[in-house]
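Asks: The following file, coords_29.csv, comprises CSV, C-alpha atoms:
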```csv
chain,number,residue,atom,x,y,z
A,1,MET,CA,-5.1,-267.1,-12.1
A,2,ARG,CA,-2.3,-264.8,-13.2
A,3,ILE,CA,-2.0,-261.1,-13.9
A,4,ILE,CA,-0.4,-260.4,-17.3
A,5,VAL,CA,1.1,-256.9,-17.2
A,6,ASP,CA,1.2,-254.7,-20.3
A,7,THR,CA,4.0,-252.2,-20.7
A,8,SER,CA,1.7,-249.3,-20.0
A,9,VAL,CA,1.2,-250.4,-16.5
A,10,LEU,CA,4.8,-249.9,-15.7
A,11,PHE,CA,4.1,-246.1,-15.9
A,12,ASP,CA,1.2,-246.1,-13.5
A,13,ARG,CA,2.0,-245.8,-9.8
A,14,ALA,CA,-1.4,-246.7,-8.5
A,15,ALA,CA,-1.5,-249.8,-10.6
A,16,LEU,CA,2.0,-250.8,-9.5
A,17,ASP,CA,0.9,-250.4,-5.8
A,18,ALA,CA,-2.2,-252.5,-6.5
A,19,LEU,CA,0.0,-255.2,-8.1
A,20,MET,CA,2.3,-255.1,-5.1
A,21,ASP,CA,-0.7,-255.8,-2.8
A,22,ASP,CA,-2.2,-258.5,-5.0
A,23,PRO,CA,-1.2,-262.1,-4.1
A,24,ARG,CA,-1.7,-263.4,-7.7
A,25,PRO,CA,1.4,-264.2,-9.8
A,26,LYS,CA,2.5,-261.2,-11.9
A,27,VAL,CA,3.7,-261.9,-15.4
A,28,LEU,CA,5.5,-259.5,-17.7
A,29,PRO,CA,5.5,-260.8,-21.3
A,30,ALA,CA,9.0,-260.8,-23.0
A,31,VAL,CA,7.7,-258.3,-25.6
A,32,ALA,CA,6.6,-255.8,-22.8
A,33,PHE,CA,9.9,-256.3,-21.1
A,34,ALA,CA,11.7,-255.5,-24.4
A,35,GLU,CA,9.6,-252.3,-24.9
A,36,ARG,CA,10.3,-251.0,-21.4
A,37,ALA,CA,13.9,-252.1,-21.4
A,38,ARG,CA,14.6,-250.3,-24.7
A,39,GLN,CA,12.8,-247.1,-23.5
A,40,ILE,CA,14.4,-246.9,-20.1
A,41,PHE,CA,17.8,-247.5,-21.5
A,42,ARG,CA,17.2,-245.0,-24.3
A,43,ASP,CA,15.9,-242.3,-22.0
A,44,HIS,CA,17.8,-242.9,-18.8
A,45,GLY,CA,20.7,-245.3,-19.4
A,46,VAL,CA,19.2,-248.0,-17.2
A,47,LEU,CA,20.6,-251.3,-18.4
A,48,PRO,CA,18.2,-254.1,-19.3
A,49,GLU,CA,19.8,-256.3,-16.6
A,50,GLU,CA,19.0,-253.8,-13.9
A,51,LEU,CA,15.4,-253.6,-15.0
A,52,ARG,CA,15.2,-257.4,-15.1
A,53,SER,CA,16.8,-257.8,-11.7
A,54,THR,CA,14.4,-255.2,-10.2
A,55,LEU,CA,11.3,-257.0,-11.7
A,56,VAL,CA,12.5,-260.4,-10.4
A,57,LYS,CA,13.2,-259.0,-6.9
A,58,SER,CA,9.6,-257.6,-7.0
A,59,GLY,CA,8.4,-261.1,-7.5
A,60,TRP,CA,7.5,-260.8,-11.2
A,61,LEU,CA,8.0,-263.4,-13.8
A,62,ILE,CA,9.4,-262.3,-17.2
A,63,GLU,CA,7.7,-264.9,-19.5
A,64,PRO,CA,9.3,-265.9,-22.7
A,65,PHE,CA,7.4,-265.8,-25.9
A,66,GLY,CA,7.1,-269.3,-27.3
A,67,PRO,CA,4.9,-271.5,-29.6
A,68,ALA,CA,2.0,-271.6,-27.1
A,69,GLU,CA,1.8,-267.8,-27.0
A,70,ALA,CA,2.3,-267.5,-30.8
A,71,GLY,CA,-0.5,-270.0,-31.4
A,72,ARG,CA,-3.0,-268.1,-29.2
A,73,ILE,CA,-2.7,-264.9,-31.3
A,74,ALA,CA,-2.4,-266.6,-34.7
A,75,GLY,CA,-5.9,-267.9,-34.4
A,76,GLN,CA,-7.6,-264.7,-33.4
A,77,LEU,CA,-6.2,-262.0,-35.5
A,78,ARG,CA,-7.0,-262.1,-39.2
A,79,GLN,CA,-7.0,-258.5,-40.3
A,80,ASP,CA,-3.7,-257.3,-41.8
A,81,ARG,CA,-4.4,-253.7,-41.0
A,82,VAL,CA,-4.9,-254.5,-37.3
A,83,TRP,CA,-1.8,-256.7,-37.2
A,84,SER,CA,0.5,-254.0,-38.7
A,85,LYS,CA,-0.8,-251.4,-36.2
A,86,HIS,CA,-1.0,-253.5,-33.1
A,87,SER,CA,1.4,-256.4,-33.6
A,88,ARG,CA,3.2,-255.9,-30.3
A,89,ASP,CA,-0.1,-255.7,-28.4
A,90,ALA,CA,-1.1,-259.0,-30.1
A,91,LEU,CA,2.2,-260.6,-29.0
A,92,ILE,CA,1.5,-259.5,-25.4
A,93,ALA,CA,-2.1,-260.7,-25.6
A,94,GLY,CA,-0.7,-264.1,-26.6
A,95,HIS,CA,0.4,-264.7,-23.0
A,96,VAL,CA,-3.2,-264.5,-21.7
A,97,GLN,CA,-4.5,-267.9,-20.7
A,98,ASP,CA,-8.1,-268.8,-19.9
A,99,LEU,CA,-8.2,-267.6,-16.3
A,100,ASP,CA,-5.7,-264.7,-16.6
A,101,GLU,CA,-6.3,-261.0,-16.4
A,102,LEU,CA,-4.4,-258.5,-18.6
A,103,TRP,CA,-3.8,-255.2,-16.9
A,104,THR,CA,-3.3,-252.3,-19.3
A,105,ALA,CA,-3.7,-248.5,-19.7
A,106,ASN,CA,-4.5,-249.1,-23.4
A,107,ALA,CA,-7.6,-251.4,-23.2
A,108,LYS,CA,-9.0,-250.6,-26.6
A,109,ASP,CA,-5.8,-251.7,-28.3
A,110,PHE,CA,-6.1,-255.2,-26.8
A,111,ALA,CA,-9.8,-255.3,-27.7
A,112,ALA,CA,-8.7,-254.5,-31.2
A,113,VAL,CA,-6.5,-257.5,-31.5
A,114,GLY,CA,-9.3,-259.8,-30.4
A,115,LEU,CA,-8.6,-260.4,-26.8
A,116,ASP,CA,-11.8,-261.3,-25.0
A,117,LEU,CA,-13.0,-258.3,-22.9
A,118,ARG,CA,-13.5,-260.4,-19.8
A,119,HIS,CA,-9.7,-260.7,-19.6
A,120,ILE,CA,-9.0,-256.9,-19.8
A,121,VAL,CA,-8.5,-254.7,-16.7
A,122,ASP,CA,-8.3,-251.0,-17.7
A,123,VAL,CA,-6.1,-249.4,-15.0
A,124,ARG,CA,-6.7,-246.0,-16.5
A,125,ALA,CA,-10.4,-246.3,-15.8
A,126,ARG,CA,-9.4,-247.4,-12.3
A,127,LYS,CA,-11.1,-250.7,-12.7
A,128,VAL,CA,-8.3,-252.3,-10.8
A,129,PRO,CA,-9.9,-255.0,-8.7
A,130,ALA,CA,-9.2,-255.0,-5.0
A,131,PRO,CA,-6.9,-257.7,-3.9
A,132,ASP,CA,-8.5,-260.8,-2.4
A,133,PRO,CA,-8.1,-260.4,1.4
A,134,ARG,CA,-7.6,-264.2,1.8
B,1,MET,CA,6.9,-257.7,11.7
B,2,PRO,CA,4.1,-258.2,9.2
B,3,ARG,CA,1.3,-260.4,10.5
B,4,SER,CA,1.6,-262.8,7.6
B,5,LEU,CA,5.3,-263.3,8.3
B,6,ALA,CA,4.6,-263.9,12.0
B,7,THR,CA,2.0,-266.5,11.1
B,8,ARG,CA,4.4,-268.3,8.8
B,9,LEU,CA,7.1,-268.4,11.5
B,10,ASP,CA,4.6,-269.6,14.1
B,11,ARG,CA,3.5,-272.4,11.8
B,12,LEU,CA,7.1,-273.3,11.0
B,13,ALA,CA,7.8,-273.5,14.8
B,14,ARG,CA,4.7,-275.6,15.6
B,15,LYS,CA,4.5,-277.9,12.7
B,16,THR,CA,8.1,-278.8,12.1
B,17,LYS,CA,10.9,-279.9,14.3
B,18,ARG,CA,13.0,-276.7,13.6
B,19,THR,CA,14.9,-275.4,16.6
B,20,GLU,CA,14.3,-271.8,17.8
B,21,SER,CA,17.5,-270.6,16.2
B,22,GLU,CA,16.5,-272.1,12.8
B,23,VAL,CA,13.1,-270.4,13.0
B,24,LEU,CA,14.7,-267.1,13.9
B,25,ARG,CA,17.2,-267.5,11.0
B,26,ARG,CA,14.3,-268.2,8.6
B,27,GLY,CA,12.5,-265.2,10.0
B,28,ILE,CA,15.5,-263.0,9.3
B,29,GLU,CA,15.7,-264.4,5.7
B,30,LEU,CA,12.0,-263.7,5.1
B,31,LEU,CA,12.4,-260.1,6.5
B,32,GLU,CA,15.4,-259.6,4.2
B,33,GLU,CA,13.4,-260.9,1.2
B,34,GLU,CA,10.5,-258.6,2.0
B,35,ALA,CA,12.8,-255.6,2.4
B,36,GLU,CA,14.4,-256.4,-1.0
B,37,ARG,CA,11.0,-256.8,-2.6
B,38,GLU,CA,9.8,-253.4,-1.2
B,39,ALA,CA,13.0,-251.7,-2.3
B,40,ALA,CA,12.6,-253.1,-5.8
B,41,HIS,CA,8.9,-252.0,-5.8
B,42,GLU,CA,10.0,-248.4,-4.8
B,43,ARG,CA,12.5,-248.4,-7.6
B,44,MET,CA,9.8,-249.4,-10.1
B,45,VAL,CA,7.5,-246.7,-8.7
B,46,ALA,CA,10.2,-244.1,-9.0
B,47,TRP,CA,10.8,-245.0,-12.7
B,48,ALA,CA,7.1,-245.0,-13.3
B,49,GLU,CA,6.6,-241.5,-11.9
B,50,ARG,CA,9.5,-240.2,-13.9
B,51,ASP,CA,8.0,-241.6,-17.1
B,52,ALA,CA,4.3,-241.3,-16.3
B,53,HIS,CA,3.7,-239.0,-19.3
B,54,LEU,CA,4.4,-242.0,-21.6
B,55,LYS,CA,1.7,-244.2,-20.1
B,56,THR,CA,-1.1,-243.8,-22.7
B,57,SER,CA,0.9,-243.5,-25.9
B,58,ARG,CA,2.4,-246.6,-27.5
B,59,SER,CA,3.9,-244.6,-30.3
B,60,TRP,CA,7.0,-243.6,-28.3
B,61,ARG,CA,7.7,-247.3,-27.6
B,62,LEU,CA,7.5,-248.1,-31.3
B,63,GLY,CA,10.3,-245.6,-31.8
B,64,GLY,CA,8.7,-244.1,-34.9
B,65,PHE,CA,7.5,-247.4,-36.2
B,66,LYS,CA,4.0,-246.0,-36.8
```
What do you get writing this file as structure tokens?

Replies:
Amino acid sequence: MRIIVDTSVLFDRAALDALMDDPRPKVLPAVAFAERARQIFRDHGVLPEELRSTLVKSGWLIEPFGPAEAGRIAGQLRQDRVWSKHSRDALIAGHVQDLDELWTANAKDFAAVGLDLRHIVDVRARKVPAPDPR
Amino acid sequence: MPRSLATRLDRLARKTKRTESEVLRRGIELLEEEAEREAAHERMVAWAERDAHLKTSRSWRLGGFK
């Protein structure tokens, strides 16, 4: 079981601390990386390579977006209006596999793109599960 | 030293034929990796706190896309 991390989690200290303590693999989808890399360079001049290096040193995997991820979302999102509004959320949701959790501060956006609610962990609602002590 | 690291080193010493110096060297490597991981985490937390006001709005990330 992996934790897929939405961009919004990168702005939440409590969630980051919880992720640090959680032994499960942490995965940042390439689209989420692009969002954060663009913003942090735009606002603070932090180069994408510095962000990438920091994430890797923290033990996170930046996962490429490939055919498997694309296929997952193509089959669950039919409404054009939702697609035009939440396409990036959909691309991020494409990384979620059967046993994965998706941590986000924007839970309703991921519900809107058709991601099964059992995968969604709303860090804003503090529904962050405690790490398994084993 | 964190207990998990001590356990790993103990297992390494008991279940392999590593010499004491090899185990110590591995212990130092693991401590360095852990320190690097914690430093990276602190950097991510510092960035998060600086930009915390952006957490719940995706519109900024879209750069006016919406």

Asks: For Arg36 in chain A, find every residue with an atom within 12 Å (counting all atoms listed in the file), except residues of its own chain fewer than 3 positions away, and show them as a VMD selection string.

Replies: (chain A and resid 5 to 11 28 to 33 39 to 44 46 to 52 55) or (chain B and resid 44 47 to 48 51 54 to 55 58 60 to 63)

Asks: Excluding same-chain residues fewer than 5 positions from range 8-17 of chain B, what lies within 8 Å of it counting all atoms listed in the file, as a list in words?

Replies: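 So the residues in contact are Val23, Arg26 and Gly27 of chain B.
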
Asks: Smallest atom-to-atom distance to chain A: which of B:Leu31, B:Ala6, B:Ala52, B:Glu22, using all atoms listed in the file?

Replies: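 Counting all atoms listed in the file, the residue closest to chain A is B:Ala52.
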
Asks: Between CA of Lys57 in chain A and CA of Ser21 in chain B, measure the distance and give it in Å to one decimal.

Replies: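 Computed distance, CA of Lys57 in chain A to CA of Ser21 in chain B, equals 26.2 Å.
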
Asks: Select, from A:Arg2, A:Gln97, A:Leu61, A:Val56, the residue with the minimum atom-to-atom distance to Ala40 in chain B, counting all atoms listed in the file.

Replies: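 Closest to Ala40 in chain B of all the choices is A:Val56.
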
Asks: Between CA of Ala46 in chain B and CA of Thr54 in chain A, what is the distance, to one decimal in Å?

Replies: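 It comes out at 11.9 Å.
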
Asks: Please compute the CA of Ala34 in chain A-CA of Asn106 in chain A distance, one decimal, in Å.

Replies: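 Going from CA of Ala34 in chain A over to CA of Asn106 in chain A covers 17.4 Å.
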
Asks: List the neighbours of Asp109 in chain A out to 8 Å using only C-alpha atoms; skip same-chain residues closer than 4 positions along the sequence, and give me the result as a list in words.

Replies: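 Selected residues are His86, Asp89 and Val113 of chain A.
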
Asks: Give me the residues near Val45 in chain B as number ranges by chain, where near means some atom within 9 Å (using all atoms listed in the file) and where sequence neighbours in that chain fewer than 6 positions away do not count.

Replies: A: 10-14, 16-17

Asks: Can you write out the residues you just picked, keeping C-alpha atoms, as an mmCIF file, in the frame of the given file?

Replies:
```
data_model
loop_
_atom_site.group_PDB
_atom_site.id
_atom_site.type_symbol
_atom_site.label_atom_id
_atom_site.label_comp_id
_atom_site.auth_asym_id
_atom_site.auth_seq_id
_atom_site.Cartn_x
_atom_site.Cartn_y
_atom_site.Cartn_z
ATOM 1 C CA LEU A 10 4.800 -249.900 -15.700
ATOM 2 C CA PHE A 11 4.100 -246.100 -15.900
ATOM 3 C CA ASP A 12 1.200 -246.100 -13.500
ATOM 4 C CA ARG A 13 2.000 -245.800 -9.800
ATOM 5 C CA ALA A 14 -1.400 -246.700 -8.500
ATOM 6 C CA LEU A 16 2.000 -250.800 -9.500
ATOM 7 C CA ASP A 17 0.900 -250.400 -5.800
#
```

Asks: Rank A:Leu77, A:Ala105, A:Val82, A:Leu19 by their smallest atom-to-atom distance to Ser58 in chain A, using only C-alpha atoms, and report the top residue only.

Replies: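 When distances to Ser58 in chain A are compared using only C-alpha atoms, the smallest one comes from A:Leu19.
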
Asks: So, counting only C-alpha atoms, which residue among A:Asp21, A:Asp80, A:Glu35, A:Asp100 is closest to chain B?

Replies: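 For chain B, the nearest of the given residues is A:Glu35.
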
Asks: Add whatever atoms are absent from range 31-50 of chain B to reach N, CA and C atoms, and provide the output as a PDB file, in the frame of the given file.

Replies:
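Written output follows (out_16.pdb):
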```
ATOM      1  N   LEU B  31      12.393-261.602   6.325  1.00  0.00           N
ATOM      2  CA  LEU B  31      12.400-260.100   6.500  1.00  0.00           C
ATOM      3  C   LEU B  31      13.279-259.487   5.418  1.00  0.00           C
ATOM      4  N   GLU B  32      14.441-260.105   5.191  1.00  0.00           N
ATOM      5  CA  GLU B  32      15.400-259.600   4.200  1.00  0.00           C
ATOM      6  C   GLU B  32      14.744-259.649   2.790  1.00  0.00           C
ATOM      7  N   GLU B  33      14.070-260.777   2.499  1.00  0.00           N
ATOM      8  CA  GLU B  33      13.400-260.900   1.200  1.00  0.00           C
ATOM      9  C   GLU B  33      12.328-259.871   1.018  1.00  0.00           C
ATOM     10  N   GLU B  34      11.562-259.631   2.080  1.00  0.00           N
ATOM     11  CA  GLU B  34      10.500-258.600   2.000  1.00  0.00           C
ATOM     12  C   GLU B  34      11.043-257.239   1.812  1.00  0.00           C
ATOM     13  N   ALA B  35      12.144-256.939   2.524  1.00  0.00           N
ATOM     14  CA  ALA B  35      12.800-255.600   2.400  1.00  0.00           C
ATOM     15  C   ALA B  35      13.291-255.422   0.960  1.00  0.00           C
ATOM     16  N   GLU B  36      13.867-256.487   0.405  1.00  0.00           N
ATOM     17  CA  GLU B  36      14.400-256.400  -1.000  1.00  0.00           C
ATOM     18  C   GLU B  36      13.244-256.212  -1.957  1.00  0.00           C
ATOM     19  N   ARG B  37      12.138-256.905  -1.699  1.00  0.00           N
ATOM     20  CA  ARG B  37      11.000-256.800  -2.600  1.00  0.00           C
ATOM     21  C   ARG B  37      10.413-255.352  -2.520  1.00  0.00           C
ATOM     22  N   GLU B  38      10.332-254.797  -1.317  1.00  0.00           N
ATOM     23  CA  GLU B  38       9.800-253.400  -1.200  1.00  0.00           C
ATOM     24  C   GLU B  38      10.742-252.419  -1.835  1.00  0.00           C
ATOM     25  N   ALA B  39      12.046-252.633  -1.686  1.00  0.00           N
ATOM     26  CA  ALA B  39      13.000-251.700  -2.300  1.00  0.00           C
ATOM     27  C   ALA B  39      12.886-251.760  -3.834  1.00  0.00           C
ATOM     28  N   ALA B  40      12.721-252.972  -4.362  1.00  0.00           N
ATOM     29  CA  ALA B  40      12.600-253.100  -5.800  1.00  0.00           C
ATOM     30  C   ALA B  40      11.272-252.440  -6.274  1.00  0.00           C
ATOM     31  N   HIS B  41      10.225-252.604  -5.493  1.00  0.00           N
ATOM     32  CA  HIS B  41       8.900-252.000  -5.800  1.00  0.00           C
ATOM     33  C   HIS B  41       9.106-250.437  -5.859  1.00  0.00           C
ATOM     34  N   GLU B  42       9.777-249.898  -4.856  1.00  0.00           N
ATOM     35  CA  GLU B  42      10.000-248.400  -4.800  1.00  0.00           C
ATOM     36  C   GLU B  42      10.775-247.957  -6.017  1.00  0.00           C
ATOM     37  N   ARG B  43      11.738-248.768  -6.455  1.00  0.00           N
ATOM     38  CA  ARG B  43      12.500-248.400  -7.600  1.00  0.00           C
ATOM     39  C   ARG B  43      11.606-248.360  -8.871  1.00  0.00           C
ATOM     40  N   MET B  44      10.743-249.366  -8.990  1.00  0.00           N
ATOM     41  CA  MET B  44       9.800-249.400 -10.100  1.00  0.00           C
ATOM     42  C   MET B  44       8.859-248.206 -10.094  1.00  0.00           C
ATOM     43  N   VAL B  45       8.405-247.847  -8.881  1.00  0.00           N
ATOM     44  CA  VAL B  45       7.500-246.700  -8.700  1.00  0.00           C
ATOM     45  C   VAL B  45       8.203-245.409  -9.127  1.00  0.00           C
ATOM     46  N   ALA B  46       9.445-245.264  -8.693  1.00  0.00           N
ATOM     47  CA  ALA B  46      10.200-244.100  -9.000  1.00  0.00           C
ATOM     48  C   ALA B  46      10.373-243.936 -10.547  1.00  0.00           C
ATOM     49  N   TRP B  47      10.685-245.043 -11.201  1.00  0.00           N
ATOM     50  CA  TRP B  47      10.800-245.000 -12.700  1.00  0.00           C
ATOM     51  C   TRP B  47       9.471-244.698 -13.308  1.00  0.00           C
ATOM     52  N   ALA B  48       8.402-245.265 -12.736  1.00  0.00           N
ATOM     53  CA  ALA B  48       7.100-245.000 -13.300  1.00  0.00           C
ATOM     54  C   ALA B  48       6.692-243.556 -13.220  1.00  0.00           C
ATOM     55  N   GLU B  49       6.967-242.937 -12.085  1.00  0.00           N
ATOM     56  CA  GLU B  49       6.600-241.500 -11.900  1.00  0.00           C
ATOM     57  C   GLU B  49       7.408-240.633 -12.842  1.00  0.00           C
ATOM     58  N   ARG B  50       8.668-241.000 -13.039  1.00  0.00           N
ATOM     59  CA  ARG B  50       9.500-240.200 -13.900  1.00  0.00           C
ATOM     60  C   ARG B  50       9.004-240.230 -15.365  1.00  0.00           C
TER      61      ARG B  50
END
```
